[in-house]
$ cat coords.cif   # mmCIF, N, CA and C atoms
data_input
#
loop_
_atom_site.group_PDB
_atom_site.id
_atom_site.type_symbol
_atom_site.label_atom_id
_atom_site.label_comp_id
_atom_site.auth_asym_id
_atom_site.auth_seq_id
_atom_site.Cartn_x
_atom_site.Cartn_y
_atom_site.Cartn_z
ATOM 1 N N MET A 1 107.451 57.890 57.288
ATOM 2 C CA MET A 1 106.118 57.985 57.872
ATOM 3 C C MET A 1 105.495 59.309 57.462
ATOM 4 N N THR A 2 104.273 59.261 57.059
ATOM 5 C CA THR A 2 103.570 60.489 56.685
ATOM 6 C C THR A 2 102.537 60.826 57.740
ATOM 7 N N ASP A 3 102.439 62.103 58.000
ATOM 8 C CA ASP A 3 101.423 62.571 58.948
ATOM 9 C C ASP A 3 100.098 62.702 58.219
ATOM 10 N N THR A 4 99.035 62.371 58.914
ATOM 11 C CA THR A 4 97.702 62.484 58.337
ATOM 12 C C THR A 4 97.014 63.702 58.916
ATOM 13 N N LEU A 5 96.440 64.495 58.046
ATOM 14 C CA LEU A 5 95.696 65.662 58.492
ATOM 15 C C LEU A 5 94.348 65.199 59.031
ATOM 16 N N THR A 6 94.119 65.452 60.324
ATOM 17 C CA THR A 6 92.885 64.983 60.943
ATOM 18 C C THR A 6 91.830 66.080 61.024
ATOM 19 N N GLU A 7 92.249 67.319 60.834
ATOM 20 C CA GLU A 7 91.296 68.423 60.895
ATOM 21 C C GLU A 7 90.901 68.818 59.468
ATOM 22 N N PRO A 8 89.732 69.431 59.309
ATOM 23 C CA PRO A 8 89.320 69.875 57.980
ATOM 24 C C PRO A 8 90.317 70.888 57.415
ATOM 25 N N ASP A 9 90.401 70.942 56.114
ATOM 26 C CA ASP A 9 91.273 71.895 55.441
ATOM 27 C C ASP A 9 90.784 73.315 55.737
ATOM 28 N N PRO A 10 91.617 74.144 56.399
ATOM 29 C CA PRO A 10 91.170 75.499 56.739
ATOM 30 C C PRO A 10 90.814 76.327 55.506
ATOM 31 N N ALA A 11 91.538 76.132 54.419
ATOM 32 C CA ALA A 11 91.252 76.906 53.210
ATOM 33 C C ALA A 11 89.858 76.580 52.676
ATOM 34 N N ALA A 12 89.475 75.318 52.733
ATOM 35 C CA ALA A 12 88.140 74.929 52.271
ATOM 36 C C ALA A 12 87.063 75.539 53.155
ATOM 37 N N MET A 13 87.287 75.554 54.465
ATOM 38 C CA MET A 13 86.315 76.125 55.391
ATOM 39 C C MET A 13 86.214 77.635 55.192
ATOM 40 N N LEU A 14 87.333 78.275 54.932
ATOM 41 C CA LEU A 14 87.347 79.732 54.863
ATOM 42 C C LEU A 14 86.794 80.301 53.565
ATOM 43 N N GLN A 15 86.536 79.463 52.578
ATOM 44 C CA GLN A 15 86.030 79.986 51.315
ATOM 45 C C GLN A 15 84.665 80.642 51.456
ATOM 46 N N HIS A 16 83.959 80.386 52.534
ATOM 47 C CA HIS A 16 82.628 80.954 52.753
ATOM 48 C C HIS A 16 82.641 82.114 53.752
ATOM 49 N N TYR A 17 83.826 82.649 54.034
ATOM 50 C CA TYR A 17 83.971 83.774 54.952
ATOM 51 C C TYR A 17 84.691 84.896 54.230
ATOM 52 N N VAL A 18 84.159 86.101 54.325
ATOM 53 C CA VAL A 18 84.747 87.249 53.645
ATOM 54 C C VAL A 18 84.813 88.445 54.585
ATOM 55 N N LEU A 19 85.709 89.360 54.268
ATOM 56 C CA LEU A 19 85.767 90.658 54.934
ATOM 57 C C LEU A 19 85.130 91.662 53.992
ATOM 58 N N ARG A 20 84.118 92.353 54.478
ATOM 59 C CA ARG A 20 83.391 93.321 53.654
ATOM 60 C C ARG A 20 83.322 94.668 54.349
ATOM 61 N N SER A 21 83.180 95.680 53.545
ATOM 62 C CA SER A 21 82.908 97.009 54.090
ATOM 63 C C SER A 21 81.510 97.002 54.683
ATOM 64 N N SER A 22 81.352 97.753 55.720
ATOM 65 C CA SER A 22 80.053 97.858 56.374
ATOM 66 C C SER A 22 79.087 98.691 55.537
ATOM 67 N N ASP A 23 77.810 98.400 55.675
ATOM 68 C CA ASP A 23 76.782 99.232 55.051
ATOM 69 C C ASP A 23 76.668 100.577 55.771
ATOM 70 N N ASP A 24 77.178 100.624 56.998
ATOM 71 C CA ASP A 24 77.165 101.851 57.792
ATOM 72 C C ASP A 24 78.350 102.718 57.356
ATOM 73 N N PRO A 25 78.111 103.855 56.748
ATOM 74 C CA PRO A 25 79.207 104.681 56.237
ATOM 75 C C PRO A 25 80.122 105.237 57.328
ATOM 76 N N VAL A 26 79.672 105.227 58.571
ATOM 77 C CA VAL A 26 80.483 105.744 59.673
ATOM 78 C C VAL A 26 81.540 104.726 60.118
ATOM 79 N N LYS A 27 81.223 103.434 59.964
ATOM 80 C CA LYS A 27 82.152 102.385 60.392
ATOM 81 C C LYS A 27 83.327 102.295 59.428
ATOM 82 N N GLN A 28 84.524 102.196 59.989
ATOM 83 C CA GLN A 28 85.724 102.081 59.162
ATOM 84 C C GLN A 28 86.269 100.659 59.130
ATOM 85 N N ASP A 29 85.906 99.843 60.115
ATOM 86 C CA ASP A 29 86.408 98.479 60.173
ATOM 87 C C ASP A 29 85.652 97.592 59.183
ATOM 88 N N LEU A 30 86.348 96.610 58.637
ATOM 89 C CA LEU A 30 85.699 95.608 57.802
ATOM 90 C C LEU A 30 84.940 94.635 58.688
ATOM 91 N N GLU A 31 83.938 93.985 58.126
ATOM 92 C CA GLU A 31 83.140 93.014 58.865
ATOM 93 C C GLU A 31 83.440 91.615 58.351
ATOM 94 N N LEU A 32 83.616 90.675 59.274
ATOM 95 C CA LEU A 32 83.791 89.270 58.912
ATOM 96 C C LEU A 32 82.402 88.665 58.768
ATOM 97 N N ILE A 33 82.085 88.191 57.551
ATOM 98 C CA ILE A 33 80.754 87.692 57.217
ATOM 99 C C ILE A 33 80.843 86.237 56.768
ATOM 100 N N HIS A 34 79.919 85.412 57.263
ATOM 101 C CA HIS A 34 79.775 84.046 56.753
ATOM 102 C C HIS A 34 78.758 84.145 55.630
ATOM 103 N N THR A 35 79.212 83.961 54.387
ATOM 104 C CA THR A 35 78.338 84.186 53.231
ATOM 105 C C THR A 35 77.232 83.156 53.108
ATOM 106 N N THR A 36 77.432 81.964 53.636
ATOM 107 C CA THR A 36 76.424 80.916 53.518
ATOM 108 C C THR A 36 75.171 81.242 54.325
ATOM 109 N N CYS A 37 75.367 81.706 55.556
ATOM 110 C CA CYS A 37 74.198 82.006 56.397
ATOM 111 C C CYS A 37 73.961 83.506 56.553
ATOM 112 N N GLY A 38 74.929 84.327 56.129
ATOM 113 C CA GLY A 38 74.778 85.775 56.200
ATOM 114 C C GLY A 38 75.115 86.390 57.540
ATOM 115 N N SER A 39 75.643 85.611 58.460
ATOM 116 C CA SER A 39 75.949 86.135 59.800
ATOM 117 C C SER A 39 77.134 87.094 59.769
ATOM 118 N N HIS A 40 76.979 88.179 60.510
ATOM 119 C CA HIS A 40 78.080 89.113 60.763
ATOM 120 C C HIS A 40 78.755 88.621 62.032
ATOM 121 N N LEU A 41 79.996 88.140 61.904
ATOM 122 C CA LEU A 41 80.659 87.515 63.047
ATOM 123 C C LEU A 41 81.384 88.511 63.924
ATOM 124 N N CYS A 42 82.047 89.468 63.317
ATOM 125 C CA CYS A 42 82.769 90.466 64.103
ATOM 126 C C CYS A 42 83.240 91.575 63.183
ATOM 127 N N ASP A 43 83.684 92.653 63.776
ATOM 128 C CA ASP A 43 84.358 93.703 63.032
ATOM 129 C C ASP A 43 85.851 93.398 63.096
ATOM 130 N N ALA A 44 86.501 93.385 61.962
ATOM 131 C CA ALA A 44 87.940 93.140 61.916
ATOM 132 C C ALA A 44 88.645 94.469 62.165
ATOM 133 N N GLU A 45 89.220 94.583 63.334
ATOM 134 C CA GLU A 45 89.878 95.826 63.711
ATOM 135 C C GLU A 45 91.328 95.818 63.237
ATOM 136 N N HIS A 46 91.933 96.984 63.202
ATOM 137 C CA HIS A 46 93.269 97.126 62.640
ATOM 138 C C HIS A 46 94.327 96.259 63.322
ATOM 139 N N ASN A 47 94.128 95.904 64.574
ATOM 140 C CA ASN A 47 95.130 95.101 65.282
ATOM 141 C C ASN A 47 94.766 93.615 65.365
ATOM 142 N N ASP A 48 93.695 93.185 64.705
ATOM 143 C CA ASP A 48 93.325 91.770 64.681
ATOM 144 C C ASP A 48 94.289 91.005 63.777
ATOM 145 N N SER A 49 94.721 89.860 64.249
ATOM 146 C CA SER A 49 95.583 89.017 63.420
ATOM 147 C C SER A 49 94.720 88.066 62.606
ATOM 148 N N LEU A 50 95.303 87.515 61.561
ATOM 149 C CA LEU A 50 94.604 86.528 60.758
ATOM 150 C C LEU A 50 94.228 85.329 61.617
ATOM 151 N N ASP A 51 95.081 84.971 62.560
ATOM 152 C CA ASP A 51 94.815 83.857 63.471
ATOM 153 C C ASP A 51 93.521 84.078 64.247
ATOM 154 N N VAL A 52 93.303 85.280 64.728
ATOM 155 C CA VAL A 52 92.077 85.598 65.476
ATOM 156 C C VAL A 52 90.851 85.449 64.579
ATOM 157 N N LEU A 53 90.926 85.977 63.365
ATOM 158 C CA LEU A 53 89.783 85.912 62.458
ATOM 159 C C LEU A 53 89.476 84.475 62.042
ATOM 160 N N VAL A 54 90.510 83.668 61.833
ATOM 161 C CA VAL A 54 90.301 82.253 61.493
ATOM 162 C C VAL A 54 89.639 81.523 62.651
ATOM 163 N N HIS A 55 90.058 81.819 63.880
ATOM 164 C CA HIS A 55 89.442 81.173 65.041
ATOM 165 C C HIS A 55 87.981 81.592 65.216
ATOM 166 N N VAL A 56 87.673 82.842 64.939
ATOM 167 C CA VAL A 56 86.280 83.295 65.008
ATOM 168 C C VAL A 56 85.449 82.542 63.970
ATOM 169 N N ALA A 57 85.983 82.426 62.759
ATOM 170 C CA ALA A 57 85.273 81.703 61.697
ATOM 171 C C ALA A 57 85.106 80.232 62.061
ATOM 172 N N ALA A 58 86.146 79.602 62.602
ATOM 173 C CA ALA A 58 86.069 78.184 62.964
ATOM 174 C C ALA A 58 85.057 77.954 64.084
ATOM 175 N N ALA A 59 85.024 78.850 65.056
ATOM 176 C CA ALA A 59 84.056 78.721 66.150
ATOM 177 C C ALA A 59 82.634 78.846 65.606
ATOM 178 N N HIS A 60 82.439 79.760 64.689
ATOM 179 C CA HIS A 60 81.107 79.916 64.077
ATOM 180 C C HIS A 60 80.749 78.671 63.272
ATOM 181 N N ALA A 61 81.693 78.160 62.483
ATOM 182 C CA ALA A 61 81.446 76.988 61.651
ATOM 183 C C ALA A 61 81.060 75.773 62.490
ATOM 184 N N ALA A 62 81.646 75.656 63.669
ATOM 185 C CA ALA A 62 81.357 74.521 64.538
ATOM 186 C C ALA A 62 79.909 74.510 65.014
ATOM 187 N N GLY A 63 79.290 75.678 65.093
ATOM 188 C CA GLY A 63 77.923 75.730 65.591
ATOM 189 C C GLY A 63 76.884 76.124 64.561
ATOM 190 N N CYS A 64 77.317 76.438 63.359
ATOM 191 C CA CYS A 64 76.386 76.907 62.323
ATOM 192 C C CYS A 64 75.745 75.705 61.626
ATOM 193 N N ASP A 65 74.444 75.793 61.391
ATOM 194 C CA ASP A 65 73.760 74.698 60.698
ATOM 195 C C ASP A 65 73.898 74.798 59.183
ATOM 196 N N ARG A 66 74.600 75.834 58.711
ATOM 197 C CA ARG A 66 74.842 76.006 57.268
ATOM 198 C C ARG A 66 76.315 76.260 57.014
ATOM 199 N N PRO A 67 77.179 75.304 57.309
ATOM 200 C CA PRO A 67 78.629 75.530 57.130
ATOM 201 C C PRO A 67 78.962 75.663 55.672
#
$ encode --input "coords.cif" --output "structure tokens"
Amino acid sequence: MTDTLTEPDPAAMLQHYVLRSSDDPVKQDLELIHTTCGSHLCDAEHNDSLDVLVHVAAAHAAGCDRP
């Protein structure tokens, strides 16, 4: 028996999300950006896990009109 993936491929969804340096030279944290709509979702702090950032991106994707 094979399991069927019922959720979208996370890698495909994440291709439109990047971590970028801030335009603010004082900020040291990277920013999680949705490149399709340009939204700044959060600052990725040193103790954030990849799981947290993926969930932030998925929550944004669920409500964004430009996934």
$ closest_residue --input "coords.cif" --among "A:Thr36, A:Cys42, A:Asp29, A:Arg66" --to "Tyr17 in chain A" --atoms "only N, CA and C atoms"
A:Thr36
$ resolve_selection --input "coords.cif" --expression "the PyMOL selection byres ((chain A and resi 43-48) around 7)" --output "list in words"
Asp29, Leu30, Glu31, Leu32, His40, Leu41, Cys42, Ser49, Leu50, Asp51, Val52 and Leu53 of chain A
$ write_last_selection --input "coords.cif" --atoms "N, CA and C atoms" --output "PDB file, in the frame of the given file"
ATOM      1  N   ASP A  29      85.906  99.843  60.115  1.00  0.00           N
ATOM      2  CA  ASP A  29      86.408  98.479  60.173  1.00  0.00           C
ATOM      3  C   ASP A  29      85.652  97.592  59.183  1.00  0.00           C
ATOM      4  N   LEU A  30      86.348  96.610  58.637  1.00  0.00           N
ATOM      5  CA  LEU A  30      85.699  95.608  57.802  1.00  0.00           C
ATOM      6  C   LEU A  30      84.940  94.635  58.688  1.00  0.00           C
ATOM      7  N   GLU A  31      83.938  93.985  58.126  1.00  0.00           N
ATOM      8  CA  GLU A  31      83.140  93.014  58.865  1.00  0.00           C
ATOM      9  C   GLU A  31      83.440  91.615  58.351  1.00  0.00           C
ATOM     10  N   LEU A  32      83.616  90.675  59.274  1.00  0.00           N
ATOM     11  CA  LEU A  32      83.791  89.270  58.912  1.00  0.00           C
ATOM     12  C   LEU A  32      82.402  88.665  58.768  1.00  0.00           C
ATOM     13  N   HIS A  40      76.979  88.179  60.510  1.00  0.00           N
ATOM     14  CA  HIS A  40      78.080  89.113  60.763  1.00  0.00           C
ATOM     15  C   HIS A  40      78.755  88.621  62.032  1.00  0.00           C
ATOM     16  N   LEU A  41      79.996  88.140  61.904  1.00  0.00           N
ATOM     17  CA  LEU A  41      80.659  87.515  63.047  1.00  0.00           C
ATOM     18  C   LEU A  41      81.384  88.511  63.924  1.00  0.00           C
ATOM     19  N   CYS A  42      82.047  89.468  63.317  1.00  0.00           N
ATOM     20  CA  CYS A  42      82.769  90.466  64.103  1.00  0.00           C
ATOM     21  C   CYS A  42      83.240  91.575  63.183  1.00  0.00           C
ATOM     22  N   SER A  49      94.721  89.860  64.249  1.00  0.00           N
ATOM     23  CA  SER A  49      95.583  89.017  63.420  1.00  0.00           C
ATOM     24  C   SER A  49      94.720  88.066  62.606  1.00  0.00           C
ATOM     25  N   LEU A  50      95.303  87.515  61.561  1.00  0.00           N
ATOM     26  CA  LEU A  50      94.604  86.528  60.758  1.00  0.00           C
ATOM     27  C   LEU A  50      94.228  85.329  61.617  1.00  0.00           C
ATOM     28  N   ASP A  51      95.081  84.971  62.560  1.00  0.00           N
ATOM     29  CA  ASP A  51      94.815  83.857  63.471  1.00  0.00           C
ATOM     30  C   ASP A  51      93.521  84.078  64.247  1.00  0.00           C
ATOM     31  N   VAL A  52      93.303  85.280  64.728  1.00  0.00           N
ATOM     32  CA  VAL A  52      92.077  85.598  65.476  1.00  0.00           C
ATOM     33  C   VAL A  52      90.851  85.449  64.579  1.00  0.00           C
ATOM     34  N   LEU A  53      90.926  85.977  63.365  1.00  0.00           N
ATOM     35  CA  LEU A  53      89.783  85.912  62.458  1.00  0.00           C
ATOM     36  C   LEU A  53      89.476  84.475  62.042  1.00  0.00           C
TER      37      LEU A  53
END
$ closest_residue --input "coords.cif" --among "A:Ala62, A:Met13, A:Val56, A:Val18" --to "Gly38 in chain A" --atoms "only C-alpha atoms"
A:Val18
$ select_by_dssp --input "coords.cif" --residues "chain A" --states "strand (DSSP E or B)" --output "tab-separated table (two decimals) with N, CA and C atoms, in the frame of the given file"
chain	number	residue	atom	x	y	z
A	17	TYR	N	83.83	82.65	54.03
A	17	TYR	CA	83.97	83.77	54.95
A	17	TYR	C	84.69	84.90	54.23
A	18	VAL	N	84.16	86.10	54.32
A	18	VAL	CA	84.75	87.25	53.64
A	18	VAL	C	84.81	88.44	54.58
A	19	LEU	N	85.71	89.36	54.27
A	19	LEU	CA	85.77	90.66	54.93
A	19	LEU	C	85.13	91.66	53.99
A	20	ARG	N	84.12	92.35	54.48
A	20	ARG	CA	83.39	93.32	53.65
A	20	ARG	C	83.32	94.67	54.35
A	30	LEU	N	86.35	96.61	58.64
A	30	LEU	CA	85.70	95.61	57.80
A	30	LEU	C	84.94	94.64	58.69
A	31	GLU	N	83.94	93.98	58.13
A	31	GLU	CA	83.14	93.01	58.86
A	31	GLU	C	83.44	91.62	58.35
A	32	LEU	N	83.62	90.68	59.27
A	32	LEU	CA	83.79	89.27	58.91
A	32	LEU	C	82.40	88.66	58.77
A	33	ILE	N	82.08	88.19	57.55
A	33	ILE	CA	80.75	87.69	57.22
A	33	ILE	C	80.84	86.24	56.77
A	34	HIS	N	79.92	85.41	57.26
A	34	HIS	CA	79.78	84.05	56.75
A	34	HIS	C	78.76	84.14	55.63
A	40	HIS	N	76.98	88.18	60.51
A	40	HIS	CA	78.08	89.11	60.76
A	40	HIS	C	78.76	88.62	62.03
A	41	LEU	N	80.00	88.14	61.90
A	41	LEU	CA	80.66	87.52	63.05
A	41	LEU	C	81.38	88.51	63.92
A	42	CYS	N	82.05	89.47	63.32
A	42	CYS	CA	82.77	90.47	64.10
A	42	CYS	C	83.24	91.58	63.18
A	43	ASP	N	83.68	92.65	63.78
A	43	ASP	CA	84.36	93.70	63.03
A	43	ASP	C	85.85	93.40	63.10
A	44	ALA	N	86.50	93.38	61.96
A	44	ALA	CA	87.94	93.14	61.92
A	44	ALA	C	88.64	94.47	62.16
$ select_by_dssp --input "coords.cif" --residues "range 1-65 of chain A" --states "alpha helix (DSSP H)" --output "number ranges by chain"
A: 10-14, 50-63
$ atom_distance --input "coords.cif" --atom1 "atom N of Ile33 in chain A" --atom2 "atom N of Arg20 in chain A"
5.6 Å
